[in-house]
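Undergrad: Quick one, structure07.cif (mmCIF, C-alpha atoms and all ligand atoms):
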data_coords
#
loop_
_atom_site.label_atom_id
_atom_site.label_comp_id
_atom_site.auth_asym_id
_atom_site.auth_seq_id
_atom_site.Cartn_x
_atom_site.Cartn_y
_atom_site.Cartn_z
CA MET A 1 -17.32 14.16 -10.55
CA ILE A 2 -13.91 14.80 -12.08
CA ILE A 3 -12.60 17.86 -13.84
CA VAL A 4 -9.94 17.04 -16.41
CA MET A 5 -7.56 19.95 -16.96
CA LYS A 6 -5.96 20.55 -20.34
CA PRO A 7 -2.25 19.65 -20.59
CA GLY A 8 0.12 22.38 -19.42
CA VAL A 9 -2.40 24.48 -17.49
CA PRO A 10 -0.39 26.56 -14.97
CA PRO A 11 -0.81 25.88 -11.20
CA LYS A 12 -2.40 29.31 -10.68
CA GLU A 13 -5.30 28.43 -12.95
CA ILE A 14 -5.73 25.04 -11.27
CA LYS A 15 -5.90 26.81 -7.92
CA GLU A 16 -8.60 29.11 -9.25
CA VAL A 17 -10.71 26.13 -10.27
CA MET A 18 -10.16 24.53 -6.86
CA ASP A 19 -11.19 27.75 -5.11
CA ARG A 20 -14.38 27.89 -7.18
CA ILE A 21 -15.22 24.33 -6.19
CA LYS A 22 -14.70 25.16 -2.51
CA LYS A 23 -17.11 28.09 -2.93
CA MET A 24 -19.72 25.59 -4.15
CA LYS A 25 -19.29 23.82 -0.76
CA LEU A 26 -17.51 20.89 -2.42
CA GLU A 27 -14.10 19.39 -1.74
CA PRO A 28 -11.50 19.44 -4.55
CA HIS A 29 -8.66 16.86 -4.64
CA LEU A 30 -5.86 17.43 -7.12
CA LEU A 31 -4.65 14.17 -8.68
CA LYS A 32 -1.43 15.01 -10.46
CA GLY A 33 -0.50 13.20 -13.62
CA THR A 34 2.54 13.48 -15.85
CA GLU A 35 0.41 14.47 -18.83
CA ARG A 36 -2.61 16.12 -17.32
CA ASN A 37 -3.98 16.97 -13.93
CA VAL A 38 -7.39 15.96 -12.73
CA ILE A 39 -9.45 17.55 -9.99
CA ALA A 40 -11.71 15.06 -8.25
CA VAL A 41 -14.71 16.72 -6.65
CA ILE A 42 -16.16 15.13 -3.52
CA GLY A 43 -19.40 16.09 -1.81
CA ASP A 44 -23.03 16.65 -2.71
CA GLU A 45 -22.86 16.90 -6.47
CA ARG A 46 -26.13 18.81 -6.61
CA ASN A 47 -24.00 21.77 -5.48
CA LEU A 48 -21.86 21.54 -8.61
CA GLN A 49 -22.58 24.23 -11.13
CA ARG A 50 -21.32 22.70 -14.35
CA GLN A 51 -21.87 25.55 -16.75
CA PRO A 52 -19.58 28.18 -15.19
CA LEU A 53 -16.91 25.49 -14.82
CA GLU A 54 -17.11 24.31 -18.42
CA ALA A 55 -16.62 27.91 -19.53
CA ILE A 56 -13.15 28.06 -17.94
CA PRO A 57 -10.63 27.73 -20.81
CA GLY A 58 -8.16 25.47 -18.90
CA ILE A 59 -10.81 22.82 -18.33
CA GLU A 60 -11.00 20.05 -20.90
CA SER A 61 -14.04 18.18 -19.54
CA VAL A 62 -16.25 17.60 -16.52
CA MET A 63 -17.29 13.98 -16.05
CA ALA A 64 -19.15 11.83 -13.58
CA VAL A 65 -17.30 9.06 -11.72
CA LEU A 66 -19.66 6.13 -11.42
CA LYS A 67 -17.67 4.05 -8.95
CA PRO A 68 -18.25 4.69 -5.23
CA TYR A 69 -14.51 5.00 -4.71
CA LYS A 70 -13.79 8.27 -6.43
CA LEU A 71 -10.17 9.19 -5.72
CA ALA A 72 -8.93 5.60 -5.98
CA SER A 73 -10.74 4.98 -9.24
CA ARG A 74 -9.06 4.51 -12.61
CA GLU A 75 -11.88 6.69 -13.97
CA SER A 76 -10.45 9.62 -12.00
CA LYS A 77 -6.83 9.00 -12.95
CA ARG A 78 -5.87 6.94 -15.94
CA GLU A 79 -2.12 6.89 -15.30
CA ASN A 80 -0.67 4.53 -12.70
CA THR A 81 0.25 6.15 -9.42
CA VAL A 82 3.95 5.85 -8.70
CA ILE A 83 5.03 6.19 -5.08
CA GLN A 84 8.54 7.08 -4.02
CA SER A 85 9.88 6.24 -0.57
CA GLY A 86 13.57 7.09 -0.24
CA PRO A 87 15.33 5.12 -2.97
CA MET A 88 12.35 2.77 -3.47
CA VAL A 89 9.81 3.34 -6.23
CA ILE A 90 6.51 1.46 -6.11
CA GLY A 91 4.45 1.25 -9.26
CA GLY A 92 7.28 2.01 -11.67
CA ASN A 93 9.11 -0.35 -13.99
CA LYS A 94 11.36 -1.66 -11.22
CA LEU A 95 9.67 -4.02 -8.78
CA ALA A 96 9.52 -3.08 -5.11
CA ILE A 97 10.70 -5.97 -2.95
CA ILE A 98 10.01 -5.44 0.74
CA ALA A 99 11.61 -8.13 2.89
CA GLY A 100 12.20 -8.79 6.56
CA PRO A 101 10.97 -10.63 9.61
CA CYS A 102 7.37 -10.83 10.76
CA THR A 103 8.44 -9.03 13.92
CA VAL A 104 11.53 -7.22 15.15
CA GLU A 105 12.94 -9.52 17.84
CA ASN A 106 16.07 -7.64 18.88
CA GLN A 107 18.56 -5.15 17.47
CA ALA A 108 21.08 -7.70 16.18
CA MET A 109 18.59 -9.80 14.19
CA ILE A 110 16.96 -6.86 12.45
CA LEU A 111 20.35 -5.40 11.54
CA GLN A 112 21.58 -8.74 10.25
CA THR A 113 18.40 -9.22 8.22
CA GLY A 114 18.53 -5.66 6.87
CA LYS A 115 22.13 -6.00 5.70
CA SER A 116 21.53 -9.38 4.13
CA VAL A 117 18.31 -8.57 2.25
CA LYS A 118 19.89 -5.34 1.02
CA ALA A 119 22.86 -7.30 -0.36
CA SER A 120 20.38 -9.61 -2.12
CA GLY A 121 18.66 -6.64 -3.77
CA ALA A 122 15.65 -5.84 -1.54
CA SER A 123 14.19 -2.35 -1.90
CA ALA A 124 12.92 -1.97 1.68
CA LEU A 125 12.94 -3.66 5.07
CA ARG A 126 9.77 -4.86 6.78
CA GLY A 127 9.36 -5.74 10.47
CA GLY A 128 6.49 -5.41 12.92
CA ALA A 129 6.98 -3.50 16.16
CA PHE A 130 3.26 -3.59 17.02
CA LYS A 131 1.86 -7.03 16.27
CA PRO A 132 -1.81 -7.96 15.83
CA ARG A 133 -1.99 -11.38 17.55
CA THR A 134 -4.90 -13.75 17.70
CA SER A 135 -4.08 -14.52 21.33
CA PRO A 136 -3.79 -11.72 23.90
CA TYR A 137 -1.13 -13.86 25.66
CA ALA A 138 1.14 -14.06 22.58
CA PHE A 139 4.14 -11.74 22.03
CA GLN A 140 2.75 -8.36 21.01
CA GLY A 141 5.94 -6.82 19.58
CA LEU A 142 8.75 -4.65 20.96
CA LYS A 143 6.71 -1.47 20.26
CA GLY A 144 8.85 1.70 20.72
CA ALA A 145 12.10 -0.24 21.04
CA GLY A 146 11.26 -2.11 17.84
CA LEU A 147 10.72 1.18 15.98
CA LYS A 148 14.11 2.38 17.21
CA PHE A 149 15.89 -0.79 16.04
CA LEU A 150 14.24 -0.41 12.64
CA ALA A 151 15.34 3.23 12.38
CA ASP A 152 18.92 2.25 13.36
CA THR A 153 18.91 -0.38 10.62
CA ARG A 154 17.73 2.17 8.08
CA LYS A 155 20.65 4.37 9.06
CA GLN A 156 23.11 1.55 8.45
CA THR A 157 21.59 0.09 5.29
CA GLY A 158 19.72 2.96 3.63
CA LEU A 159 16.65 0.73 3.29
CA PRO A 160 13.27 2.42 3.85
CA ILE A 161 11.25 0.89 6.71
CA VAL A 162 7.76 -0.61 6.42
CA THR A 163 6.03 -1.30 9.73
CA GLU A 164 2.49 -1.85 10.96
CA VAL A 165 0.40 0.53 13.02
CA LEU A 166 -2.52 -0.91 14.97
CA ASP A 167 -3.88 1.99 16.95
CA PRO A 168 -4.93 5.45 15.74
CA ARG A 169 -3.13 6.88 18.80
CA ASP A 170 0.19 5.46 17.56
CA VAL A 171 -0.02 6.79 14.01
CA GLU A 172 1.96 9.94 14.70
CA ALA A 173 4.81 8.11 16.47
CA VAL A 174 5.02 5.36 13.84
CA ALA A 175 4.91 7.93 11.03
CA LYS A 176 7.86 9.71 12.62
CA SER A 177 10.17 6.69 12.53
CA ALA A 178 8.83 4.60 9.64
CA ASP A 179 8.88 5.36 5.92
CA ILE A 180 5.71 3.44 5.05
CA LEU A 181 2.84 2.66 7.44
CA GLN A 182 1.33 -0.78 7.10
CA ILE A 183 -2.33 -1.26 7.91
CA GLY A 184 -2.95 -4.95 8.44
CA THR A 185 -5.67 -7.30 7.38
CA ARG A 186 -7.50 -7.12 10.69
CA ASN A 187 -7.65 -3.35 10.49
CA MET A 188 -8.61 -2.86 6.86
CA GLN A 189 -11.96 -1.49 7.98
CA ASN A 190 -10.79 0.29 11.12
CA PHE A 191 -12.07 3.57 9.76
CA GLU A 192 -10.61 5.76 12.51
CA LEU A 193 -7.18 4.25 11.86
CA LEU A 194 -7.59 4.79 8.11
CA LYS A 195 -8.52 8.44 8.66
CA MET A 196 -5.50 9.02 10.89
CA ALA A 197 -3.25 7.37 8.30
CA GLY A 198 -4.73 9.74 5.75
CA LYS A 199 -3.77 12.76 7.81
CA GLN A 200 -0.03 12.03 7.94
CA PRO A 201 2.39 12.37 5.03
CA LYS A 202 3.94 8.89 4.71
CA PRO A 203 2.70 6.31 2.17
CA VAL A 204 0.31 3.67 3.50
CA LEU A 205 0.49 -0.03 2.65
CA LEU A 206 -3.09 -1.24 2.95
CA LYS A 207 -3.54 -4.99 3.24
CA ARG A 208 -6.70 -6.70 2.09
CA GLY A 209 -9.12 -7.78 4.82
CA LEU A 210 -9.50 -11.51 5.46
CA ALA A 211 -12.89 -11.56 3.75
CA ALA A 212 -12.91 -8.26 1.88
CA GLY A 213 -14.25 -7.81 -1.62
CA VAL A 214 -12.51 -5.50 -4.05
CA GLU A 215 -15.02 -2.71 -3.59
CA GLU A 216 -14.72 -2.80 0.22
CA TRP A 217 -10.95 -2.75 -0.09
CA LEU A 218 -10.96 0.21 -2.47
CA MET A 219 -13.41 2.05 -0.22
CA SER A 220 -10.87 1.65 2.59
CA ALA A 221 -8.20 3.15 0.34
CA GLU A 222 -10.67 5.95 -0.35
CA TYR A 223 -10.90 6.68 3.40
CA ILE A 224 -7.15 7.36 3.44
CA MET A 225 -7.20 9.36 0.21
CA ALA A 226 -10.21 11.44 1.26
CA GLN A 227 -7.99 12.90 4.00
CA GLY A 228 -5.51 14.12 1.38
CA ASN A 229 -2.97 11.27 1.44
CA TYR A 230 -3.03 9.81 -2.07
CA GLN A 231 -0.04 7.51 -1.50
CA VAL A 232 -1.75 4.18 -0.94
CA ILE A 233 -0.23 0.82 -1.86
CA LEU A 234 -2.61 -2.14 -1.96
CA CYS A 235 -1.32 -5.50 -0.74
CA GLU A 236 -3.03 -8.81 -1.53
CA ARG A 237 -2.23 -11.24 1.32
CA GLY A 238 -4.70 -14.06 0.85
CA ILE A 239 -8.32 -14.47 1.87
CA ARG A 240 -10.30 -17.05 3.82
CA THR A 241 -11.79 -19.84 1.74
CA PHE A 242 -12.50 -23.56 2.20
CA ASN A 243 -8.91 -24.29 1.15
CA ASP A 244 -7.44 -26.79 3.64
CA TYR A 245 -3.86 -26.97 2.37
CA ALA A 246 -2.63 -23.43 2.98
CA ARG A 247 -3.11 -20.68 5.58
CA ASN A 248 -5.08 -18.55 3.12
CA THR A 249 -5.98 -18.50 -0.55
CA LEU A 250 -3.71 -16.07 -2.36
CA ASP A 251 -6.06 -14.38 -4.81
CA LEU A 252 -3.93 -13.50 -7.81
CA THR A 253 -6.93 -12.80 -10.05
CA VAL A 254 -7.38 -9.71 -7.94
CA ILE A 255 -4.23 -8.16 -9.45
CA PRO A 256 -5.64 -7.66 -12.98
CA ALA A 257 -9.04 -6.88 -11.41
CA LEU A 258 -7.48 -4.08 -9.35
CA LYS A 259 -5.39 -2.81 -12.25
CA GLU A 260 -8.61 -2.27 -14.23
CA ARG A 261 -10.33 -0.46 -11.38
CA THR A 262 -7.63 1.62 -9.72
CA HIS A 263 -4.49 3.59 -10.51
CA LEU A 264 -2.93 2.64 -7.15
CA PRO A 265 0.08 0.29 -7.07
CA VAL A 266 -0.54 -3.31 -6.02
CA ILE A 267 1.88 -5.67 -4.30
CA VAL A 268 1.52 -9.27 -3.11
CA ASP A 269 2.44 -10.96 0.19
CA PRO A 270 2.91 -14.66 -0.60
CA SER A 271 4.16 -15.31 2.96
CA HIS A 272 0.83 -14.69 4.70
CA GLY A 273 -0.97 -15.64 1.50
CA THR A 274 0.24 -19.23 1.72
CA GLY A 275 1.55 -19.66 5.27
CA LYS A 276 4.05 -22.22 4.06
CA ARG A 277 7.69 -21.65 3.16
CA SER A 278 7.75 -24.06 0.21
CA TYR A 279 4.80 -22.24 -1.44
CA VAL A 280 6.31 -18.76 -1.13
CA ALA A 281 8.75 -18.76 -4.06
CA PRO A 282 6.31 -20.22 -6.65
CA MET A 283 3.58 -17.76 -5.64
CA ALA A 284 6.05 -14.84 -5.58
CA LYS A 285 6.95 -15.62 -9.20
CA ALA A 286 3.29 -16.01 -10.15
CA ALA A 287 2.48 -12.63 -8.57
CA ILE A 288 5.11 -10.89 -10.66
CA ALA A 289 3.95 -12.72 -13.78
CA VAL A 290 0.37 -11.42 -13.36
CA GLY A 291 1.46 -7.80 -12.97
CA ALA A 292 2.09 -7.10 -9.28
CA ASP A 293 4.27 -4.04 -8.66
CA GLY A 294 6.21 -5.77 -5.92
CA LEU A 295 6.29 -8.25 -3.07
CA LEU A 296 6.14 -8.26 0.71
CA LEU A 297 8.14 -11.22 1.97
CA GLU A 298 8.90 -12.58 5.41
CA VAL A 299 12.60 -13.33 5.78
CA HIS A 300 14.36 -14.38 8.99
CA PRO A 301 17.99 -15.33 9.77
CA HIS A 302 16.75 -18.50 11.57
CA PRO A 303 13.16 -19.27 10.55
CA ASP A 304 13.07 -22.31 12.86
CA ARG A 305 13.66 -20.01 15.83
CA ALA A 306 11.44 -17.09 14.74
CA LEU A 307 9.09 -15.72 17.40
CA ILE A 308 6.27 -15.35 14.85
CA ASP A 309 5.54 -16.90 11.46
CA GLY A 310 8.73 -18.96 11.13
CA GLN A 311 6.84 -21.60 9.12
CA GLN A 312 6.31 -19.14 6.27
CA SER A 313 9.58 -17.20 6.53
CA LEU A 314 12.39 -17.64 4.03
CA SER A 315 15.95 -17.91 5.32
CA LEU A 316 18.42 -15.23 4.20
CA GLU A 317 19.85 -17.70 1.68
CA GLU A 318 16.44 -18.70 0.34
CA PHE A 319 15.60 -15.04 -0.16
CA ALA A 320 18.86 -14.46 -2.06
CA GLN A 321 18.06 -17.44 -4.28
CA LEU A 322 14.48 -16.25 -4.89
CA MET A 323 15.74 -12.82 -5.97
CA LYS A 324 17.87 -14.51 -8.63
CA GLU A 325 14.95 -16.61 -9.81
CA LEU A 326 12.62 -13.61 -9.98
CA ALA A 327 14.84 -11.73 -12.45
CA PRO A 328 13.86 -13.70 -15.59
CA VAL A 329 10.16 -13.66 -14.56
CA ALA A 330 10.32 -9.89 -14.17
CA ALA A 331 12.07 -9.56 -17.54
CA ALA A 332 9.39 -11.69 -19.21
CA VAL A 333 6.74 -9.15 -18.22
CA GLY A 334 8.85 -6.10 -19.03
CA ARG A 335 9.91 -5.30 -15.48
CA THR A 336 13.23 -5.16 -13.67
CA ILE A 337 14.14 -6.23 -10.17
C1 LIG B 401 2.23 -8.99 8.79
O1 LIG B 401 2.50 -8.49 7.69
O2 LIG B 401 3.08 -9.34 9.61
C2 LIG B 401 0.81 -9.22 9.13
C3 LIG B 401 0.39 -9.31 10.39
O3 LIG B 401 0.04 -9.33 8.05
P1 LIG B 401 -1.55 -9.48 7.85
O4 LIG B 401 -2.15 -8.22 8.38
O5 LIG B 401 -1.65 -9.66 6.38
O6 LIG B 401 -1.98 -10.69 8.61
MN MN B 402 3.66 -12.34 9.89
#
Turn the structure described in the file into structure tokens.
Ligand code: PEP
Ligand code: MN
TA:
Amino acid sequence: MIIVMKPGVPPKEIKEVMDRIKKMKLEPHLLKGTERNVIAVIGDERNLQRQPLEAIPGIESVMAVLKPYKLASRESKRENTVIQSGPMVIGGNKLAIIAGPCTVENQAMILQTGKSVKASGASALRGGAFKPRTSPYAFQGLKGAGLKFLADTRKQTGLPIVTEVLDPRDVEAVAKSADILQIGTRNMQNFELLKMAGKQPKPVLLKRGLAAGVEEWLMSAEYIMAQGNYQVILCERGIRTFNDYARNTLDLTVIPALKERTHLPVIVDPSHGTGKRSYVAPMAKAAIAVGADGLLLEVHPHPDRALIDGQQSLSLEEFAQLMKELAPVAAAVGRTI
């Protein structure tokens, strides 16, 4: 159920409505819009007493939300959600370009990458400190030291930091040093991790599961939002299909499909989506053309020597070149880079 407030209703009146909902043993979530605010009501809707609510003058309408994802749904909030992280805006007119290595390897390489991608126009720096590896014997990331190197690079470049968290027990520590918490493909349905990410204040970049449908993906976003953190960024990173020429199948149809169903911003990761360096730039351009709000790109100073995912990483120079080539594509769809 959603309660649409009339434009310009003062916060005191909104609070009164929220208090009334709590008294009905329901949970109110305030979804703020620039024009009007909406209160999404979660819980057993049989408890909702419509008539006394509809009599409140500040309320424009009370409506059912048919989708199972309530807070994430476009039905609940018509306007796009715009997320701010330091100087980066995700979901606005300007595209958010998040670039950096798959994993932080040492202090010098992350600093070098940060400075270079910043000079090329990136909006944020990515880099894994905790890595989800298929093999338990493979490099698992620098963990705490990696977080520190990322934070040092932020200090020197001003770029916000995006890094993955794998374990609910690490959420607090990662949220302290990072600006955006990434939840990876393998953890899209790790519900305890999603709940913890929903209890901390930093935005969450939620990647699509390897075989997740749109509804499952949005239900995972809902887990985070149900805890009160409405700052969720969805990231398409390719799914498993019978495709035998690329690491994954980058599903770009999902961008317009998501835009119809949710108000949350959507970005695309053509690095994991293709697994091959030569496919990254064409798919990055395609993603922007179909309406993505930004990109997550793997960039490394020496891709041939990268500890993880060198085969799909752009060099610093290739990233600089791609940024130039993205500008006219962005302009063609009314965006800036
Ligand atoms: C990554 O971004 O480095 C990563 C591990 O991504 P995914 O979860 O999409 O595999
Ligand atoms: Mn990677």
Undergrad: Near Ile90 (chain A), within 10 Å and counting all atoms listed in the file, which residues show up once chain neighbours fewer than 4 positions away are dropped, as a list in words?
TA: Thr81, Val82, Ile83, Gln84, Ser85, Lys94, Leu95, Ala96, Ile97, Ser123, Ile233, Leu264, Pro265, Val266, Ile267, Asp293 and Gly294 of chain A
Undergrad: Could you report the residues within 10 Å of ligand MN 402 (chain B), using only C-alpha atoms and all ligand atoms, as a PyMOL selection string?
TA: chain A and resi 100-103+127-128+131-133+269+271-272+275+297-299+307-313
Undergrad: Please identify the residues whose atoms come within 6 Å of ligand LIG 401 (chain B), using only C-alpha atoms and all ligand atoms, and report them as a list in words.
TA: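 With only C-alpha atoms and all ligand atoms and a cut-off of 6 Å, ligand LIG 401 (chain B) is contacted by Cys102, Gly184, Thr185, Arg186, Lys207, Arg237 and His272 of chain A.
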Undergrad: Measure the distance from CA of Leu205 (chain A) to CA of Asn190 (chain A) in Å and round it to one decimal.
TA: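 Atom-to-atom, CA of Leu205 (chain A) and CA of Asn190 (chain A) are spaced 14.1 Å apart.
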Undergrad: So that I can check the surroundings of Leu71 (chain A), please list as number ranges by chain every protein, DNA and RNA residue that reaches within 7 Å of it, counting only C-alpha atoms and ignoring chain neighbours fewer than 3 positions away.
TA: A: 40, 76, 222, 225
Undergrad: Between CA of Asp244 (chain A) and CA of Pro303 (chain A), what is the distance in Å, rounded to a tenth?
TA: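 Interatomic distance here is 23.0 Å.
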Undergrad: In Å, with one decimal, what is the gap from CA of Tyr69 (chain A) to CA of Met219 (chain A)?
TA: 5.5 Å
Undergrad: So, with all atoms listed in the file as the atoms that count, which of A:Lys70, A:Lys176, A:Lys32, A:Lys155 lies closest to Lys202 (chain A)?
TA: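 Distance minimum relative to Lys202 (chain A) lands on A:Lys176.
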Undergrad: Which residue gives the smallest distance to Ile110 (chain A) among A:Pro301, A:Gly141, A:Gly91, A:Pro10, with all atoms listed in the file counted?
TA: A:Pro301
Undergrad: Residues within 7 Å of Leu193 (chain A), please, as a ChimeraX atom specification. Count only C-alpha atoms; anything in the same chain fewer than 3 positions from it doesn't count.
TA: /A:167-168,190,196-197
